[in-house]
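Worksheet: the structure to be examined is printed underneath.
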Amino acid sequence: MNEQITGALFKQMVLHGAAAITAQKQAINDLNVFPVPDGDTGTNMSMTIGTAVTELRKTTPATLTQAADLTASALLRGARGNSGVILSLLFRGMSKSLKGLETADAAAFAAAMQQGVSSAYKAVMKPAEGTVLTVSRLAAKRAVEAAAEERDIEKVLEASIREGYETLAQTTDMNPVLKKAGVVDAGGKGYLLILEGMLAEMRGDPMPELQEDSASQDKADFAALSSEDITFTFDTVFIVRKTVDKSLDPLRTYLSSIGDSLVIGEDDGAFKVHVHTDIPGAALTEAQKYGTLELAKIENMRTQAEDLAAGRHVQSTDDLDAVEEALESAAPAQAAGHVVAPPEKKYGFLAVCAGKGLEAVFRDLGADGVVSGGQTMNPSTEAILEGVDAVPAETVFVLPNNSNIIMAAQQCAALTEKQVVVIPTKTVPQGITAMMNVDFDASAAEEITAAMTESLSTVVTAQVTYAARDSDFDGFDIKAGDYLALEEGKLFGTDGSLSTLLERLAASAQEKASSFISLYFGEDVSQEDAEQAGKFFEAACPDAEVAVLSGGQPVYYYIISME
């Protein structure tokens, strides 16, 4: 029987909840209605709560208030996608309800769950039934009812979860889109998995074992080392964004001459280096001959091994925040931990997109900054906030360019002194059209907001991608690997032939009497194939102006704008 939740227990409950959803994130991803590759719910929720895990592991909260506040703050900044934002809001409301409490009994914790639901509902403009909101609301309602009769928090949470799963089973019939696909709501399932993990921690059940990801594999296993085993002192990891096109073989040869355990990972735009060396500065200097240093991590393996042998805390770069706080306690620090550009003008613009070609388009249209992200890689609220704060303007207009990023962008308004205006662009073509309708000399932000928002209805977006999994949706028998076309976010067609889909989209453009058609081709499409695609639209719409441009985006072979 457990009648109180302490700060220490709440911390472990969150860690266990995070492990539970991470272990099942792919199963949640598979509940997604469309079979397109995207920033899936399981991944977004797992990454969002993972930010709280990182922060909680650095501290030992003395009170429940401290643990809940730290969790809510981390989730807010790390929120990814709509599901991640709603999850952060559920915990934010919970932290508000637990404010000032050292511990919480069943009634207080149930009330906190209900406050979390209220916070989430307030943030969603048009709450839909059959979603995580419905599941969380009825689960919290049952928790309050159970707490009125039961002091054991485990039993209260158990009753809440049971009600949640009964509601989850009904989401298929509550939501027409889910009913077509024959699945339950992914966000609701993810939230219940987290609650189950929290309950499992209270019961003393073991935490799910997770495979180490690539990020954690970069770290040296200091427990397996003694100082005699260490040939070179510094474990050095860094990332360089390429600015020149030349082979990395000379760099590989040089780094091998000054260290060992060398691994270099490379793609078209950047490379990552892991090396053990006594002269990390020399390694960084040599690497900068190939591009711009973006990130570096240097740790002294000898002192870490000595600390481990002596039973002391092994310091790593994870401790930098605490060290910095101790060193700079007398100086005011930026709340977000990054530089805020002073305003040099009234208005600035920030766009979210993926692909060098699309980034160049936004910058040419006047965007001050671009946050890398989109489908399959929804940026966190913190990443968008850093972009906002880097824009040297009093008011920053944000173009999310993806429906799953809008809510994360909206959370930035409460985290910066800058005025943030989120234009609800759901696609890249909408974002481009919005930028083309900016009056940079406007006297009021409201004028710019109105013009950009009104322009969104003038453009139709089509996207061509591939099926990530087998699916039977809305009359389409879809097989993994098939080409998929979406128009205005709805499934337009599927085929084994890309040309067939493009010809059908061109016919659709003709039916709409489109005057301006732009095809942004992705990183996996050749210039020759893209020009052939453009010819389909030129033939179908002889009076239209057709442009074929390199977008360089992942996931989508083509993003098509029709105006």
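Naming scheme: A, B, ... for chains in displayed order of the structure tokens; residues 1 onward per chain; ligands 1 onward as shown.
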Might you pull out every residue within 9 Å of A:Asp30, with only C-alpha atoms counted and same-chain residues fewer than 6 positions away left off, and present them as a compact mmCIF listing (two decimals) with C-alpha atoms, in the first residue's frame?
```txt
# COMPACT_ATOMS: atom_id res chain seq x y z
CA ASP A 40 5.23 9.43 -35.50
CA GLY A 42 5.39 7.09 -30.34
CA ALA A 186 -1.98 6.51 -30.77
CA ARG A 469 3.88 -0.01 -44.11
```
Would you give me, as a tab-separated table, each residue of stretch 421-452 of chain A having an atom within 12 Å of an atom of stretch 363-367 of chain A, along with its shortest atom pair and that distance in Å to one decimal, using only C-alpha atoms and sorting by chain and residue number?
```
residue	atom	partner	partner_atom	distance
A:Gly431	CA	A:Leu365	CA	10.4
A:Ile432	CA	A:Leu365	CA	7.9
A:Thr433	CA	A:Leu365	CA	9.7
A:Ala434	CA	A:Leu365	CA	9.8
A:Met435	CA	A:Leu365	CA	6.2
A:Met436	CA	A:Leu365	CA	6.6
A:Asn437	CA	A:Leu365	CA	9.8
A:Val438	CA	A:Gly366	CA	9.0
A:Asp439	CA	A:Gly366	CA	10.7
A:Phe440	CA	A:Gly366	CA	8.9
```
Please write the residues from the selection above to a file, keeping all heavy atoms, as an mmCIF file, in the first residue's frame.
```cif
data_model
loop_
_atom_site.group_PDB
_atom_site.id
_atom_site.type_symbol
_atom_site.label_atom_id
_atom_site.label_comp_id
_atom_site.auth_asym_id
_atom_site.auth_seq_id
_atom_site.Cartn_x
_atom_site.Cartn_y
_atom_site.Cartn_z
ATOM 1 N N GLY A 431 3.839 28.047 -46.452
ATOM 2 C CA GLY A 431 4.836 28.941 -45.862
ATOM 3 C C GLY A 431 5.452 29.866 -46.890
ATOM 4 O O GLY A 431 5.660 31.062 -46.634
ATOM 5 N N ILE A 432 5.759 29.326 -48.068
ATOM 6 C CA ILE A 432 6.339 30.137 -49.138
ATOM 7 C C ILE A 432 5.343 31.202 -49.595
ATOM 8 O O ILE A 432 5.699 32.372 -49.781
ATOM 9 C CB ILE A 432 6.766 29.236 -50.312
ATOM 10 C CG1 ILE A 432 7.953 28.354 -49.878
ATOM 11 C CG2 ILE A 432 7.126 30.065 -51.538
ATOM 12 C CD1 ILE A 432 8.340 27.294 -50.890
ATOM 13 N N THR A 433 4.084 30.809 -49.762
ATOM 14 C CA THR A 433 3.051 31.770 -50.164
ATOM 15 C C THR A 433 2.890 32.861 -49.111
ATOM 16 O O THR A 433 2.740 34.048 -49.440
ATOM 17 C CB THR A 433 1.712 31.046 -50.384
ATOM 18 O OG1 THR A 433 1.860 30.119 -51.462
ATOM 19 C CG2 THR A 433 0.606 32.026 -50.717
ATOM 20 N N ALA A 434 2.928 32.473 -47.846
ATOM 21 C CA ALA A 434 2.803 33.458 -46.761
ATOM 22 C C ALA A 434 3.944 34.469 -46.816
ATOM 23 O O ALA A 434 3.722 35.683 -46.666
ATOM 24 C CB ALA A 434 2.776 32.749 -45.409
ATOM 25 N N MET A 435 5.174 33.997 -47.048
ATOM 26 C CA MET A 435 6.319 34.902 -47.133
ATOM 27 C C MET A 435 6.198 35.832 -48.334
ATOM 28 O O MET A 435 6.625 36.990 -48.277
ATOM 29 C CB MET A 435 7.625 34.113 -47.210
ATOM 30 C CG MET A 435 8.079 33.496 -45.904
ATOM 31 S SD MET A 435 8.361 34.685 -44.562
ATOM 32 C CE MET A 435 9.581 35.783 -45.279
ATOM 33 N N MET A 436 5.613 35.348 -49.407
ATOM 34 C CA MET A 436 5.466 36.171 -50.606
ATOM 35 C C MET A 436 4.416 37.276 -50.415
ATOM 36 O O MET A 436 4.357 38.216 -51.200
ATOM 37 C CB MET A 436 5.080 35.287 -51.802
ATOM 38 C CG MET A 436 6.177 34.329 -52.236
ATOM 39 S SD MET A 436 5.677 33.209 -53.571
ATOM 40 C CE MET A 436 5.510 34.361 -54.932
ATOM 41 N N ASN A 437 3.622 37.150 -49.368
ATOM 42 C CA ASN A 437 2.583 38.139 -49.105
ATOM 43 C C ASN A 437 2.907 39.048 -47.925
ATOM 44 O O ASN A 437 2.020 39.715 -47.398
ATOM 45 C CB ASN A 437 1.241 37.437 -48.870
ATOM 46 C CG ASN A 437 0.588 36.979 -50.147
ATOM 47 O OD1 ASN A 437 -0.179 37.701 -50.776
ATOM 48 N ND2 ASN A 437 0.896 35.748 -50.550
ATOM 49 N N VAL A 438 4.170 39.078 -47.533
ATOM 50 C CA VAL A 438 4.594 39.943 -46.430
ATOM 51 C C VAL A 438 4.831 41.363 -46.935
ATOM 52 O O VAL A 438 5.523 41.568 -47.935
ATOM 53 C CB VAL A 438 5.889 39.410 -45.770
ATOM 54 C CG1 VAL A 438 6.417 40.417 -44.749
ATOM 55 C CG2 VAL A 438 5.637 38.072 -45.095
ATOM 56 N N ASP A 439 4.270 42.322 -46.233
ATOM 57 C CA ASP A 439 4.579 43.731 -46.474
ATOM 58 C C ASP A 439 5.604 44.135 -45.415
ATOM 59 O O ASP A 439 5.264 44.379 -44.268
ATOM 60 C CB ASP A 439 3.314 44.582 -46.354
ATOM 61 C CG ASP A 439 3.608 46.073 -46.557
ATOM 62 O OD1 ASP A 439 4.779 46.429 -46.811
ATOM 63 O OD2 ASP A 439 2.665 46.887 -46.446
ATOM 64 N N PHE A 440 6.867 44.161 -45.808
ATOM 65 C CA PHE A 440 7.938 44.418 -44.856
ATOM 66 C C PHE A 440 7.896 45.842 -44.304
ATOM 67 O O PHE A 440 8.575 46.138 -43.323
ATOM 68 C CB PHE A 440 9.300 44.136 -45.505
ATOM 69 C CG PHE A 440 9.542 42.677 -45.777
ATOM 70 C CD1 PHE A 440 9.215 42.135 -47.019
ATOM 71 C CD2 PHE A 440 10.070 41.850 -44.811
ATOM 72 C CE1 PHE A 440 9.423 40.786 -47.275
ATOM 73 C CE2 PHE A 440 10.284 40.499 -45.057
ATOM 74 C CZ PHE A 440 9.959 39.960 -46.296
#
```
As a ChimeraX atom specification, please: all residues of stretch 31-271 of chain A that backbone DSSP puts in alpha helix (DSSP H).
-> /A:41-56,64-78,81-97,106-123,132-147,153-174,176-181,186-203,214-217,249-258
Find the residues around stretch 132-136 of chain A up to 12 Å (only C-alpha atoms counted), leave out those fewer than 5 positions away in its own chain, and share them as a VMD selection string.
-> chain A and resid 41 45 82 to 87 89 to 91 110 112 to 124 126 to 127 141 to 143 160 to 172 174 to 175 184 to 195
Restricting it to C-alpha atoms, dump the selection as a PDB file, in the first residue's frame.
```pdb
ATOM      1  CA  THR A  41       3.379   9.706 -32.207  1.00  0.00           C
ATOM      2  CA  MET A  45       6.134  11.248 -27.104  1.00  0.00           C
ATOM      3  CA  ASN A  82       1.276  17.725 -31.287  1.00  0.00           C
ATOM      4  CA  SER A  83       1.316  14.576 -29.162  1.00  0.00           C
ATOM      5  CA  GLY A  84       4.479  15.733 -27.390  1.00  0.00           C
ATOM      6  CA  VAL A  85       3.040  19.189 -26.732  1.00  0.00           C
ATOM      7  CA  ILE A  86      -0.166  17.723 -25.262  1.00  0.00           C
ATOM      8  CA  LEU A  87       1.913  15.387 -23.094  1.00  0.00           C
ATOM      9  CA  LEU A  89       0.670  20.231 -21.050  1.00  0.00           C
ATOM     10  CA  LEU A  90      -0.694  17.281 -19.076  1.00  0.00           C
ATOM     11  CA  PHE A  91       2.413  17.356 -16.880  1.00  0.00           C
ATOM     12  CA  ALA A 110      -5.835  12.610  -8.731  1.00  0.00           C
ATOM     13  CA  ALA A 112      -3.257  17.003 -10.285  1.00  0.00           C
ATOM     14  CA  MET A 113      -4.121  14.599 -13.109  1.00  0.00           C
ATOM     15  CA  GLN A 114      -7.386  16.460 -13.621  1.00  0.00           C
ATOM     16  CA  GLN A 115      -5.597  19.838 -13.637  1.00  0.00           C
ATOM     17  CA  GLY A 116      -3.286  18.450 -16.301  1.00  0.00           C
ATOM     18  CA  VAL A 117      -6.280  17.608 -18.470  1.00  0.00           C
ATOM     19  CA  SER A 118      -7.671  21.127 -18.028  1.00  0.00           C
ATOM     20  CA  SER A 119      -4.360  22.651 -19.139  1.00  0.00           C
ATOM     21  CA  ALA A 120      -4.277  20.458 -22.240  1.00  0.00           C
ATOM     22  CA  TYR A 121      -7.859  21.234 -23.238  1.00  0.00           C
ATOM     23  CA  LYS A 122      -7.314  24.982 -22.855  1.00  0.00           C
ATOM     24  CA  ALA A 123      -4.384  24.886 -25.267  1.00  0.00           C
ATOM     25  CA  VAL A 124      -6.217  23.043 -28.050  1.00  0.00           C
ATOM     26  CA  LYS A 126     -10.819  22.651 -31.341  1.00  0.00           C
ATOM     27  CA  PRO A 127     -10.584  19.583 -29.070  1.00  0.00           C
ATOM     28  CA  LYS A 141     -12.159  11.642 -13.748  1.00  0.00           C
ATOM     29  CA  ARG A 142     -12.010   8.033 -12.607  1.00  0.00           C
ATOM     30  CA  ALA A 143      -8.901   8.774 -10.527  1.00  0.00           C
ATOM     31  CA  SER A 160      -7.615   5.346 -13.699  1.00  0.00           C
ATOM     32  CA  ILE A 161      -5.627   3.272 -16.185  1.00  0.00           C
ATOM     33  CA  ARG A 162      -8.389   0.674 -16.444  1.00  0.00           C
ATOM     34  CA  GLU A 163     -10.883   3.418 -17.307  1.00  0.00           C
ATOM     35  CA  GLY A 164      -8.365   4.870 -19.746  1.00  0.00           C
ATOM     36  CA  TYR A 165      -8.076   1.603 -21.655  1.00  0.00           C
ATOM     37  CA  GLU A 166     -11.853   1.200 -21.785  1.00  0.00           C
ATOM     38  CA  THR A 167     -12.027   4.685 -23.278  1.00  0.00           C
ATOM     39  CA  LEU A 168      -9.135   3.960 -25.640  1.00  0.00           C
ATOM     40  CA  ALA A 169     -11.020   0.984 -27.088  1.00  0.00           C
ATOM     41  CA  GLN A 170     -13.935   3.329 -27.870  1.00  0.00           C
ATOM     42  CA  THR A 171     -11.786   5.921 -29.684  1.00  0.00           C
ATOM     43  CA  THR A 172     -12.050   3.862 -32.865  1.00  0.00           C
ATOM     44  CA  MET A 174     -15.466   8.179 -31.683  1.00  0.00           C
ATOM     45  CA  ASN A 175     -13.178   9.422 -34.427  1.00  0.00           C
ATOM     46  CA  VAL A 184      -7.254   3.211 -31.590  1.00  0.00           C
ATOM     47  CA  ASP A 185      -5.772   6.629 -30.882  1.00  0.00           C
ATOM     48  CA  ALA A 186      -1.975   6.506 -30.767  1.00  0.00           C
ATOM     49  CA  GLY A 187      -1.572   9.446 -28.373  1.00  0.00           C
ATOM     50  CA  GLY A 188      -4.051   7.954 -25.914  1.00  0.00           C
ATOM     51  CA  LYS A 189      -2.213   4.657 -26.015  1.00  0.00           C
ATOM     52  CA  GLY A 190       1.107   6.406 -25.411  1.00  0.00           C
ATOM     53  CA  TYR A 191      -0.213   8.320 -22.402  1.00  0.00           C
ATOM     54  CA  LEU A 192      -1.586   5.138 -20.827  1.00  0.00           C
ATOM     55  CA  LEU A 193       1.751   3.397 -21.306  1.00  0.00           C
ATOM     56  CA  ILE A 194       3.413   6.213 -19.368  1.00  0.00           C
ATOM     57  CA  LEU A 195       0.842   5.924 -16.575  1.00  0.00           C
TER      58      LEU A 195
END
```
Which one is closest to A:Val371: A:Leu251, A:Val398, A:Val352, A:Ala296? Count only C-alpha atoms.
->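 Ranking A:Leu251, A:Val398, A:Val352, A:Ala296 by distance to A:Val371, first place goes to A:Val352.
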Residue contacts of stretch 47-49 of chain A (8 Å, only C-alpha atoms) excluding same-chain residues fewer than 4 positions away, as a count of residues only = 11
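Counting only C-alpha atoms and comparing A:Tyr556, A:Phe492, A:Phe10, A:Tyr466, the residue that lies closest to A:Gly197 is A:Phe10.
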Nearest to A:Ile448: which of A:Ala351, A:Ala467, A:Ile423, A:Val428 is it, counting only C-alpha atoms?
-> A:Ile423
Work out how far atom CA of A:Ile384 is from atom CA of A:Val244, in Å to one decimal.
->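 These two atoms are separated by 28.0 Å.
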Could you please determine the separation between atom CA of A:Ala147 and atom CA of A:Ala107 in Å, to one decimal place?
->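 Spanning atom CA of A:Ala147 to atom CA of A:Ala107 is a straight-line distance of 5.0 Å.
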Correct to one decimal, the distance atom CA of A:Ser372-atom CA of A:Thr292 is 16.7 Å
Please provide the set of residues having any atom within 12 Å of A:Thr285, restricted to only C-alpha atoms, with same-chain residues fewer than 3 positions apart removed, written as a PDB file with N, CA and C atoms, in the first residue's frame.
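result_36.pdb written:
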```
ATOM      1  N   PHE A 238      33.044  15.205 -32.047  1.00  0.00           N
ATOM      2  CA  PHE A 238      32.603  16.485 -32.590  1.00  0.00           C
ATOM      3  C   PHE A 238      31.930  16.304 -33.949  1.00  0.00           C
ATOM      4  N   VAL A 240      31.123  18.367 -37.662  1.00  0.00           N
ATOM      5  CA  VAL A 240      31.529  19.458 -38.548  1.00  0.00           C
ATOM      6  C   VAL A 240      30.577  19.516 -39.732  1.00  0.00           C
ATOM      7  N   LEU A 251      42.167  13.609 -43.377  1.00  0.00           N
ATOM      8  CA  LEU A 251      41.806  13.844 -41.980  1.00  0.00           C
ATOM      9  C   LEU A 251      41.853  12.531 -41.200  1.00  0.00           C
ATOM     10  N   TYR A 254      45.437  11.718 -40.481  1.00  0.00           N
ATOM     11  CA  TYR A 254      46.001  12.593 -39.441  1.00  0.00           C
ATOM     12  C   TYR A 254      45.506  12.198 -38.056  1.00  0.00           C
ATOM     13  N   LEU A 255      44.192  11.978 -37.919  1.00  0.00           N
ATOM     14  CA  LEU A 255      43.642  11.640 -36.613  1.00  0.00           C
ATOM     15  C   LEU A 255      44.164  10.293 -36.120  1.00  0.00           C
ATOM     16  N   ILE A 279      45.654  15.423 -27.745  1.00  0.00           N
ATOM     17  CA  ILE A 279      45.627  16.808 -28.222  1.00  0.00           C
ATOM     18  C   ILE A 279      44.316  17.076 -28.977  1.00  0.00           C
ATOM     19  N   PRO A 280      43.202  17.130 -28.238  1.00  0.00           N
ATOM     20  CA  PRO A 280      41.908  17.341 -28.899  1.00  0.00           C
ATOM     21  C   PRO A 280      41.838  18.648 -29.676  1.00  0.00           C
ATOM     22  N   GLY A 281      42.549  19.674 -29.204  1.00  0.00           N
ATOM     23  CA  GLY A 281      42.546  20.954 -29.908  1.00  0.00           C
ATOM     24  C   GLY A 281      43.088  20.817 -31.315  1.00  0.00           C
ATOM     25  N   ALA A 282      44.131  20.014 -31.451  1.00  0.00           N
ATOM     26  CA  ALA A 282      44.716  19.797 -32.780  1.00  0.00           C
ATOM     27  C   ALA A 282      43.730  19.065 -33.687  1.00  0.00           C
ATOM     28  N   GLN A 288      38.512  21.561 -38.959  1.00  0.00           N
ATOM     29  CA  GLN A 288      37.888  22.787 -39.443  1.00  0.00           C
ATOM     30  C   GLN A 288      38.394  23.208 -40.821  1.00  0.00           C
ATOM     31  N   LYS A 289      39.369  22.502 -41.347  1.00  0.00           N
ATOM     32  CA  LYS A 289      39.786  22.736 -42.721  1.00  0.00           C
ATOM     33  C   LYS A 289      38.724  22.228 -43.704  1.00  0.00           C
ATOM     34  N   TYR A 290      37.799  21.402 -43.177  1.00  0.00           N
ATOM     35  CA  TYR A 290      36.778  20.797 -44.020  1.00  0.00           C
ATOM     36  C   TYR A 290      35.401  21.440 -43.852  1.00  0.00           C
ATOM     37  N   GLY A 291      35.260  22.288 -42.840  1.00  0.00           N
ATOM     38  CA  GLY A 291      33.957  22.889 -42.627  1.00  0.00           C
ATOM     39  C   GLY A 291      33.862  23.637 -41.309  1.00  0.00           C
ATOM     40  N   THR A 292      32.643  23.847 -40.856  1.00  0.00           N
ATOM     41  CA  THR A 292      32.365  24.628 -39.654  1.00  0.00           C
ATOM     42  C   THR A 292      32.063  23.711 -38.484  1.00  0.00           C
ATOM     43  N   LEU A 293      32.789  23.881 -37.398  1.00  0.00           N
ATOM     44  CA  LEU A 293      32.562  23.081 -36.201  1.00  0.00           C
ATOM     45  C   LEU A 293      31.209  23.432 -35.592  1.00  0.00           C
ATOM     46  N   ALA A 296      30.975  19.899 -30.028  1.00  0.00           N
ATOM     47  CA  ALA A 296      32.134  19.143 -29.570  1.00  0.00           C
ATOM     48  C   ALA A 296      31.919  18.678 -28.135  1.00  0.00           C
TER      49      ALA A 296
END
```
Counting only C-alpha atoms, figure out which residue out of A:Leu31, A:Gly369, A:Thr458, A:Asn44 gets nearest to A:Lys179.
-> A:Leu31
